[in-house]
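Dropping target07.cif in here (mmCIF, C-alpha atoms):
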```cif
data_query
#
loop_
_atom_site.group_PDB
_atom_site.id
_atom_site.type_symbol
_atom_site.label_atom_id
_atom_site.label_comp_id
_atom_site.auth_asym_id
_atom_site.auth_seq_id
_atom_site.Cartn_x
_atom_site.Cartn_y
_atom_site.Cartn_z
ATOM 1 C CA MET A 1104 121.241 116.585 149.805
ATOM 2 C CA PRO A 1105 124.095 114.112 150.158
ATOM 3 C CA GLN A 1106 127.273 115.515 151.547
ATOM 4 C CA ARG A 1107 130.172 115.691 149.094
ATOM 5 C CA THR A 1108 133.174 113.603 150.017
ATOM 6 C CA GLU A 1109 136.546 115.153 149.437
ATOM 7 C CA LEU A 1110 139.193 112.756 148.195
ATOM 8 C CA PRO A 1111 142.772 113.245 149.315
ATOM 9 C CA GLU A 1112 145.084 114.657 146.723
ATOM 10 C CA VAL A 1113 147.149 112.029 144.944
ATOM 11 C CA PRO A 1114 150.870 112.673 145.345
ATOM 12 C CA ARG A 1115 152.453 113.983 142.187
ATOM 13 C CA HIS A 1116 154.850 111.049 141.838
ATOM 14 C CA TRP A 1117 151.894 108.612 141.979
ATOM 15 C CA ARG A 1118 149.965 110.268 139.171
ATOM 16 C CA SER A 1119 149.812 108.296 135.980
ATOM 17 C CA ARG A 1120 151.223 109.856 132.922
ATOM 18 C CA ARG A 1121 149.896 109.545 129.426
ATOM 19 C CA PRO A 1122 152.088 107.374 127.206
ATOM 20 C CA SER A 1123 154.769 109.424 125.586
ATOM 21 C CA ARG A 1124 154.834 109.512 121.820
ATOM 22 C CA SER A 1125 158.492 110.283 121.901
ATOM 23 C CA ARG A 1126 160.626 108.077 119.644
ATOM 24 C CA HIS A 1127 162.857 107.510 122.669
ATOM 25 C CA ALA A 1128 160.049 106.409 124.993
ATOM 26 C CA GLN A 1129 160.369 102.650 124.620
ATOM 27 C CA PRO A 1130 162.628 100.441 122.550
ATOM 28 C CA ARG A 1131 160.862 98.747 119.689
ATOM 29 C CA LEU A 1132 160.645 95.007 120.163
ATOM 30 C CA VAL A 1133 161.787 92.897 117.226
ATOM 31 C CA ARG A 1134 160.049 89.611 116.528
ATOM 32 C CA PRO A 1135 162.299 86.546 116.916
ATOM 33 C CA ASP A 1136 161.502 85.340 113.396
ATOM 34 C CA ARG A 1137 162.635 88.711 112.028
ATOM 35 C CA LEU A 1138 165.942 88.326 113.862
ATOM 36 C CA LEU A 1139 166.353 84.835 112.436
ATOM 37 C CA ALA A 1140 165.674 86.090 108.923
ATOM 38 C CA GLU A 1141 168.258 88.832 109.358
ATOM 39 C CA SER A 1142 170.829 86.355 110.691
ATOM 40 C CA LEU A 1143 170.303 84.110 107.659
ATOM 41 C CA LEU A 1144 170.269 86.823 105.002
ATOM 42 C CA ALA A 1145 172.837 89.221 106.505
ATOM 43 C CA PRO A 1146 174.914 87.183 108.990
ATOM 44 C CA ASN A 1147 177.634 89.825 109.333
ATOM 45 C CA LYS A 1148 175.286 92.677 110.208
ATOM 46 C CA LYS A 1149 175.178 91.762 113.896
ATOM 47 C CA VAL A 1150 177.617 89.136 115.126
ATOM 48 C CA LYS A 1151 177.087 87.782 118.615
ATOM 49 C CA GLU A 1152 180.137 87.351 120.818
ATOM 50 C CA ASN A 1153 181.934 84.021 120.266
ATOM 51 C CA PHE A 1154 179.973 83.457 117.039
ATOM 52 C CA ASN A 1155 182.652 84.993 114.852
ATOM 53 C CA SER A 1156 185.721 83.517 113.239
ATOM 54 C CA LEU A 1157 189.246 84.341 114.359
ATOM 55 C CA VAL A 1158 191.816 85.567 111.814
ATOM 56 C CA VAL A 1159 195.433 84.800 112.699
ATOM 57 C CA VAL A 1160 198.544 86.179 110.996
ATOM 58 C CA THR A 1161 201.750 84.201 111.628
ATOM 59 C CA ASP A 1162 205.355 85.374 111.513
ATOM 60 C CA ASP A 1163 205.874 83.760 108.096
ATOM 61 C CA GLY A 1164 203.139 85.907 106.534
ATOM 62 C CA LYS A 1165 200.440 83.245 106.391
ATOM 63 C CA VAL A 1166 196.831 84.058 107.280
ATOM 64 C CA ARG A 1167 194.669 81.369 108.857
ATOM 65 C CA SER A 1168 191.084 81.659 110.032
ATOM 66 C CA GLY A 1169 188.627 79.466 111.881
ATOM 67 C CA MET A 1170 186.542 79.069 114.990
ATOM 68 C CA LYS A 1171 188.518 79.139 118.215
ATOM 69 C CA LEU A 1172 188.255 75.841 120.076
ATOM 70 C CA ARG A 1173 190.716 76.324 122.909
ATOM 71 C CA GLN A 1174 194.158 77.619 123.760
ATOM 72 C CA THR A 1175 196.917 75.788 125.596
ATOM 73 C CA ASP A 1176 200.192 77.110 126.963
ATOM 74 C CA THR A 1177 201.806 76.489 123.583
ATOM 75 C CA ASP A 1178 199.128 76.373 120.862
ATOM 76 C CA LEU A 1179 195.955 78.011 119.602
ATOM 77 C CA LEU A 1180 193.498 75.428 118.267
ATOM 78 C CA LEU A 1181 191.018 76.392 115.547
ATOM 79 C CA ARG A 1182 188.431 74.627 113.373
ATOM 80 C CA ASP A 1183 188.216 75.647 109.717
ATOM 81 C CA ALA A 1184 185.236 75.776 107.336
ATOM 82 C CA GLU A 1185 185.851 72.152 106.302
ATOM 83 C CA ASP A 1186 185.480 71.111 109.960
ATOM 84 C CA ASN A 1187 189.162 70.248 110.283
ATOM 85 C CA GLU A 1188 190.984 71.089 113.509
ATOM 86 C CA PHE A 1189 194.446 72.602 113.368
ATOM 87 C CA ALA A 1190 196.925 74.107 115.821
ATOM 88 C CA ILE A 1191 199.011 77.260 115.509
ATOM 89 C CA PRO A 1192 202.005 77.665 117.854
ATOM 90 C CA LEU A 1193 201.532 80.769 120.002
ATOM 91 C CA LYS A 1194 205.131 81.838 119.450
ATOM 92 C CA LYS A 1195 204.464 82.114 115.697
ATOM 93 C CA ILE A 1196 201.389 84.342 116.025
ATOM 94 C CA GLU A 1197 201.952 88.009 115.178
ATOM 95 C CA GLU A 1198 198.356 89.227 115.083
ATOM 96 C CA GLN A 1199 194.834 88.057 115.959
ATOM 97 C CA THR A 1200 191.631 89.800 114.888
ATOM 98 C CA ASN A 1201 187.964 88.926 114.943
ATOM 99 C CA GLY A 1202 186.672 87.881 111.552
ATOM 100 C CA THR A 1203 183.224 87.520 110.089
ATOM 101 C CA SER A 1204 180.302 85.503 111.383
ATOM 102 C CA LEU A 1205 180.565 81.731 111.545
ATOM 103 C CA MET A 1206 177.348 81.728 109.523
ATOM 104 C CA PRO A 1207 178.507 81.760 105.869
ATOM 105 C CA ALA A 1208 177.236 84.689 103.821
ATOM 106 C CA GLY A 1209 174.957 83.741 100.936
ATOM 107 C CA LEU A 1210 174.000 80.383 102.417
ATOM 108 C CA ALA A 1211 170.282 81.082 101.969
ATOM 109 C CA ASP A 1212 170.573 82.607 98.492
ATOM 110 C CA LYS A 1213 169.587 79.396 96.708
ATOM 111 C CA LEU A 1214 166.466 78.857 98.798
ATOM 112 C CA THR A 1215 163.049 79.712 97.439
ATOM 113 C CA ARG A 1216 160.816 82.026 99.448
ATOM 114 C CA THR A 1217 158.791 79.039 100.672
ATOM 115 C CA GLU A 1218 161.930 77.131 101.687
ATOM 116 C CA LEU A 1219 163.276 80.173 103.529
ATOM 117 C CA LEU A 1220 160.003 80.628 105.425
ATOM 118 C CA ASP A 1221 159.989 76.928 106.335
ATOM 119 C CA LEU A 1222 163.573 77.185 107.606
ATOM 120 C CA ILE A 1223 162.799 80.243 109.731
ATOM 121 C CA ARG A 1224 159.706 78.554 111.149
ATOM 122 C CA PHE A 1225 161.737 75.456 112.018
ATOM 123 C CA LEU A 1226 164.519 77.457 113.689
ATOM 124 C CA SER A 1227 161.994 79.499 115.668
ATOM 125 C CA GLU A 1228 160.520 76.302 117.144
ATOM 126 C CA LEU A 1229 163.814 74.810 118.340
ATOM 127 C CA GLY A 1230 164.061 74.578 122.102
ATOM 128 C CA LYS A 1231 160.307 74.703 122.577
ATOM 129 C CA VAL A 1232 157.982 71.890 123.593
ATOM 130 C CA GLY A 1233 156.310 70.608 120.438
ATOM 131 C CA ASP A 1234 156.835 68.720 117.213
ATOM 132 C CA PHE A 1235 160.467 69.821 116.871
ATOM 133 C CA GLN A 1236 161.543 68.925 120.401
ATOM 134 C CA ILE A 1237 164.397 66.422 120.517
ATOM 135 C CA SER A 1238 163.011 63.156 121.834
ATOM 136 C CA LYS A 1239 164.631 61.199 124.642
ATOM 137 C CA GLN A 1240 164.064 58.032 122.633
ATOM 138 C CA GLN A 1241 167.175 56.267 121.363
ATOM 139 C CA LEU A 1242 166.531 56.961 117.688
ATOM 140 C CA VAL A 1243 168.998 56.253 114.911
ATOM 141 C CA ARG A 1244 170.003 59.711 113.706
ATOM 142 C CA ARG A 1245 173.354 59.090 112.043
ATOM 143 C CA TRP A 1246 173.350 56.922 108.938
ATOM 144 C CA GLN A 1247 175.721 56.057 106.148
ATOM 145 C CA THR A 1248 174.462 55.612 102.594
ATOM 146 C CA LEU A 1249 176.164 53.775 99.765
ATOM 147 C CA ALA A 1250 177.552 56.190 97.181
ATOM 148 C CA PRO A 1251 176.810 55.301 93.515
ATOM 149 C CA THR A 1252 180.445 54.873 92.501
ATOM 150 C CA ASP A 1253 181.629 52.706 89.607
ATOM 151 C CA ALA A 1254 182.940 50.144 92.112
ATOM 152 C CA ALA A 1255 179.556 49.890 93.835
ATOM 153 C CA ILE A 1256 177.601 49.574 90.582
ATOM 154 C CA MET A 1257 180.002 46.944 89.240
ATOM 155 C CA GLN A 1258 179.773 44.906 92.441
ATOM 156 C CA LEU A 1259 175.967 45.019 92.503
ATOM 157 C CA ARG A 1260 175.848 43.832 88.900
ATOM 158 C CA ARG A 1261 178.124 40.872 89.615
ATOM 159 C CA VAL A 1262 177.049 39.648 93.044
ATOM 160 C CA SER A 1263 174.052 39.792 95.370
ATOM 161 C CA TYR A 1264 172.960 42.711 97.507
ATOM 162 C CA ALA A 1265 174.277 40.809 100.533
ATOM 163 C CA SER A 1266 177.817 41.721 99.484
ATOM 164 C CA ILE A 1267 177.110 45.310 100.532
ATOM 165 C CA ALA A 1268 177.044 44.181 104.166
ATOM 166 C CA GLN A 1269 180.619 42.856 103.964
ATOM 167 C CA ASN A 1270 182.172 46.283 104.676
ATOM 168 C CA ASP A 1271 184.230 46.179 101.480
ATOM 169 C CA ALA A 1272 186.925 48.866 101.508
ATOM 170 C CA ALA A 1273 186.301 49.511 97.795
ATOM 171 C CA LEU A 1274 182.829 50.875 98.561
ATOM 172 C CA THR A 1275 182.227 54.476 99.583
ATOM 173 C CA TRP A 1276 179.700 55.361 102.276
ATOM 174 C CA THR A 1277 178.590 58.946 102.826
ATOM 175 C CA PRO A 1278 176.888 60.480 105.898
ATOM 176 C CA ALA A 1279 173.113 60.913 106.075
ATOM 177 C CA TYR A 1280 170.981 62.082 108.966
ATOM 178 C CA SER A 1281 167.457 61.557 110.224
ATOM 179 C CA THR A 1282 165.021 64.400 110.761
ATOM 180 C CA VAL A 1283 164.293 65.756 114.235
ATOM 181 C CA GLY A 1284 161.472 63.193 114.425
ATOM 182 C CA GLY A 1285 163.945 60.369 113.739
ATOM 183 C CA GLU A 1286 162.884 59.568 110.161
ATOM 184 C CA LEU A 1287 165.349 58.981 107.333
ATOM 185 C CA PRO A 1288 163.763 60.443 104.155
ATOM 186 C CA LEU A 1289 164.216 58.059 101.234
ATOM 187 C CA THR A 1290 163.911 60.812 98.639
ATOM 188 C CA ASP A 1291 167.330 62.146 99.652
ATOM 189 C CA LEU A 1292 169.149 58.818 99.186
ATOM 190 C CA PRO A 1293 170.951 57.723 95.985
ATOM 191 C CA GLU A 1294 169.015 55.227 93.868
ATOM 192 C CA PHE A 1295 170.653 52.176 92.283
ATOM 193 C CA ARG A 1296 168.803 50.815 89.261
ATOM 194 C CA ILE A 1297 170.652 47.605 88.442
ATOM 195 C CA PRO A 1298 169.708 45.646 85.285
ATOM 196 C CA PHE A 1299 167.893 42.347 85.956
ATOM 197 C CA ARG A 1300 167.094 43.504 89.503
ATOM 198 C CA ALA A 1301 164.638 46.328 88.821
ATOM 199 C CA LYS A 1302 161.920 45.783 86.233
ATOM 200 C CA ASP A 1303 161.290 48.346 83.517
ATOM 201 C CA GLY A 1304 159.401 51.311 84.892
ATOM 202 C CA GLN A 1305 160.132 50.403 88.501
ATOM 203 C CA LEU A 1306 162.308 52.247 90.962
ATOM 204 C CA GLY A 1307 165.573 50.710 92.066
ATOM 205 C CA ALA A 1308 167.065 50.261 95.535
ATOM 206 C CA THR A 1309 169.061 52.292 98.006
ATOM 207 C CA PHE A 1310 171.397 51.173 100.787
ATOM 208 C CA ALA A 1311 171.752 52.582 104.300
ATOM 209 C CA ARG A 1312 173.450 51.440 107.481
ATOM 210 C CA PHE A 1313 174.042 52.540 111.066
ATOM 211 C CA GLU A 1314 176.377 51.405 113.839
ATOM 212 C CA LEU A 1315 176.012 50.066 117.375
ATOM 213 C CA ASP A 1316 178.696 49.853 120.041
ATOM 214 C CA ALA A 1317 178.424 47.182 122.756
ATOM 215 C CA SER A 1318 180.588 47.412 125.869
ATOM 216 C CA SER A 1319 180.327 43.640 126.378
ATOM 217 C CA ALA A 1320 178.342 40.659 125.113
ATOM 218 C CA SER A 1321 174.738 41.829 125.199
ATOM 219 C CA GLN A 1322 171.432 42.200 123.419
ATOM 220 C CA ALA A 1323 169.786 45.190 121.777
ATOM 221 C CA LYS A 1324 166.193 45.585 120.655
ATOM 222 C CA LEU A 1325 165.350 47.527 117.505
ATOM 223 C CA LEU A 1326 161.887 48.927 116.797
ATOM 224 C CA LEU A 1327 161.089 49.626 113.130
ATOM 225 C CA ASN A 1328 158.207 51.762 111.908
ATOM 226 C CA SER A 1329 157.672 49.281 109.052
ATOM 227 C CA VAL A 1330 159.501 46.375 107.404
ATOM 228 C CA THR A 1331 157.969 46.924 103.966
ATOM 229 C CA GLY A 1332 160.600 46.787 101.233
ATOM 230 C CA LEU A 1333 163.457 46.102 103.649
ATOM 231 C CA THR A 1334 166.193 43.490 103.806
ATOM 232 C CA ALA A 1335 168.779 43.731 106.583
ATOM 233 C CA TRP A 1336 172.008 42.275 107.940
ATOM 234 C CA LEU A 1337 173.813 42.499 111.273
ATOM 235 C CA ASP A 1338 177.401 42.772 110.117
ATOM 236 C CA ALA A 1339 177.380 40.019 107.440
ATOM 237 C CA ASN A 1340 174.559 37.951 108.961
ATOM 238 C CA PRO A 1341 170.989 38.246 107.610
ATOM 239 C CA ILE A 1342 168.300 39.493 110.002
ATOM 240 C CA LYS A 1343 164.783 38.101 110.065
ATOM 241 C CA LEU A 1344 162.825 41.323 109.987
ATOM 242 C CA THR A 1345 159.827 42.056 112.180
ATOM 243 C CA SER A 1346 158.658 45.297 113.752
ATOM 244 C CA GLU A 1347 160.684 44.329 116.864
ATOM 245 C CA ILE A 1348 164.109 42.730 116.482
ATOM 246 C CA THR A 1349 166.398 41.472 119.232
ATOM 247 C CA LEU A 1350 170.067 41.380 118.253
ATOM 248 C CA ASP A 1351 172.752 39.326 119.989
ATOM 249 C CA LEU A 1352 175.920 41.392 120.102
ATOM 250 C CA THR A 1353 179.524 40.562 120.860
ATOM 251 C CA PRO A 1354 181.711 43.278 122.431
ATOM 252 C CA GLY A 1355 182.673 46.041 120.026
ATOM 253 C CA ARG A 1356 181.190 47.928 117.109
ATOM 254 C CA HIS A 1357 178.576 46.437 114.790
ATOM 255 C CA ARG A 1358 176.816 47.498 111.591
ATOM 256 C CA VAL A 1359 173.153 47.100 110.676
ATOM 257 C CA THR A 1360 172.779 47.400 106.897
ATOM 258 C CA PHE A 1361 169.485 47.850 105.040
ATOM 259 C CA VAL A 1362 168.568 47.349 101.408
ATOM 260 C CA ILE A 1363 165.511 49.500 100.707
ATOM 261 C CA GLU A 1364 163.445 48.630 97.630
ATOM 262 C CA LEU A 1365 162.084 51.983 96.516
ATOM 263 C CA SER A 1366 159.403 50.407 94.330
ATOM 264 C CA GLU A 1367 157.883 48.824 97.462
ATOM 265 C CA ARG A 1368 158.601 51.312 100.230
ATOM 266 C CA LYS A 1369 157.439 54.925 100.142
ATOM 267 C CA GLU A 1370 157.547 55.900 103.814
ATOM 268 C CA PRO A 1371 160.744 57.072 105.563
ATOM 269 C CA LEU A 1372 162.772 54.636 107.659
ATOM 270 C CA ARG A 1373 162.660 55.095 111.420
ATOM 271 C CA VAL A 1374 164.631 52.854 113.789
ATOM 272 C CA GLU A 1375 164.575 53.094 117.575
ATOM 273 C CA MET A 1376 166.804 51.161 119.965
ATOM 274 C CA SER A 1377 165.142 49.947 123.154
ATOM 275 C CA ASP A 1378 166.661 48.441 126.283
ATOM 276 C CA VAL A 1379 166.353 44.698 126.718
ATOM 277 C CA PRO A 1380 165.076 43.647 130.180
ATOM 278 C CA ARG A 1381 167.730 42.118 132.459
ATOM 279 C CA SER A 1382 170.498 43.153 130.087
ATOM 280 C CA THR A 1383 173.248 44.815 132.128
ATOM 281 C CA ALA A 1384 175.628 45.631 129.285
ATOM 282 C CA LYS A 1385 175.681 49.086 127.739
ATOM 283 C CA VAL A 1386 174.788 49.354 124.047
ATOM 284 C CA GLN A 1387 175.009 52.736 122.345
ATOM 285 C CA LEU A 1388 174.090 54.066 118.941
ATOM 286 C CA VAL A 1389 177.139 55.531 117.243
ATOM 287 C CA GLY A 1390 176.513 59.215 116.574
ATOM 288 C CA GLY A 1391 178.602 62.086 115.317
ATOM 289 C CA LYS A 1392 179.285 62.974 111.705
#
```
This entry written out as structure tokens:
Amino acid sequence: MPQRTELPEVPRHWRSRRPSRSRHAQPRLVRPDRLLAESLLAPNKKVKENFNSLVVVTDDGKVRSGMKLRQTDTDLLLRDAEDNEFAIPLKKIEEQTNGTSLMPAGLADKLTRTELLDLIRFLSELGKVGDFQISKQQLVRRWQTLAPTDAAIMQLRRVSYASIAQNDAALTWTPAYSTVGGELPLTDLPEFRIPFRAKDGQLGATFARFELDASSASQAKLLLNSVTGLTAWLDANPIKLTSEITLDLTPGRHRVTFVIELSERKEPLRVEMSDVPRSTAKVQLVGGK
């Protein structure tokens, strides 16, 4: 009969314990998408440090609020909800308190359930490697689109589309932005349907431009996803459009203006700037708001 082997006793502090069912055993983990949903729907429930507004009361009884930018020896600088910066002299400040979240309450109220889910999914993917990763390509992301004002409509009725490239001060251009993938959706742009230019039943045209800044005389290459339905100018000079365009630039800022015929073009507009070999000058896409 085989001899029984005695195992050494396991020290008490090494013994495994059964998982406790106590409510205090382990903190419950919250899914990131649930946190995002809560931040969108109830932004003031939990406000992270430095993500709140600052409320300032001055000695003349005025109350100002905004996001704190910086503080000098003499002034407190804030940015308000309209994105305007303003300074408050420190000697005039009587009281400072933390305000509500920088995320406006009710911002998601007008979204449908599907739109809200899409937004949460998009936000949850930011910062990860994948479709929503910001590319290192030099893509045009900041655009300006022609606003359908009376002055613009009157000008387009009287003269050719080329007049839009003249940078007329009477025309109003509003900001527009590409998607993360660098595409400018045409469905979001204002449509101009000018008599004698668009046939009955056809869509009209829309106008968009972006800016380049050259440090010295140089060249820049533009890569377009498609030239269908496009007409373009560099400043006031027409561009012969191909999928790859090389522009000769003088020092300073330049505009590239597109007329987009919506009856011909359905796909978004995507423009990438590429370096020209042996070009030593620095050309940058103008970004910002």
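Within 8 Å of the point (169.6, 45.8, 103.0) in file coordinates, and counting only C-alpha atoms, lie the residues Tyr1264, Ala1265, Ile1267, Ala1268, Phe1310, Ala1311, Leu1333, Thr1334, Ala1335, Trp1336, Thr1360, Phe1361, Val1362 and Ile1363 of chain A.
Of the residues listed (A:Leu1179, A:Ile1196, A:Leu1139, A:Ala1272), A:Leu1139 shows the shortest atom-to-atom separation from Phe1225 of chain A; distances use all atoms listed in the file.
The residue that comes closest to Met1376 of chain A, out of A:Ile1256, A:Leu1249, A:Leu1181, A:Leu1326 and on the basis of only C-alpha atoms, is A:Leu1326.
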Contacts of segment 1135-1154 of chain A with segment 1206-1210 of chain A up to 8 Å, shortest pair per row, all atoms listed in the file, as a tab-separated table:
```
residue	atom	partner	partner_atom	distance
A:Leu1143	CA	A:Leu1210	CA	7.4
A:Leu1144	CA	A:Gly1209	CA	6.9
A:Ala1145	CA	A:Ala1208	CA	6.9
A:Pro1146	CA	A:Met1206	CA	6.0
A:Asn1147	CA	A:Ala1208	CA	7.5
```
query = Any idea what the distance is between atom CA of Ser1329 of chain A and atom CA of Gln1269 of chain A?
reply = 24.4 Å
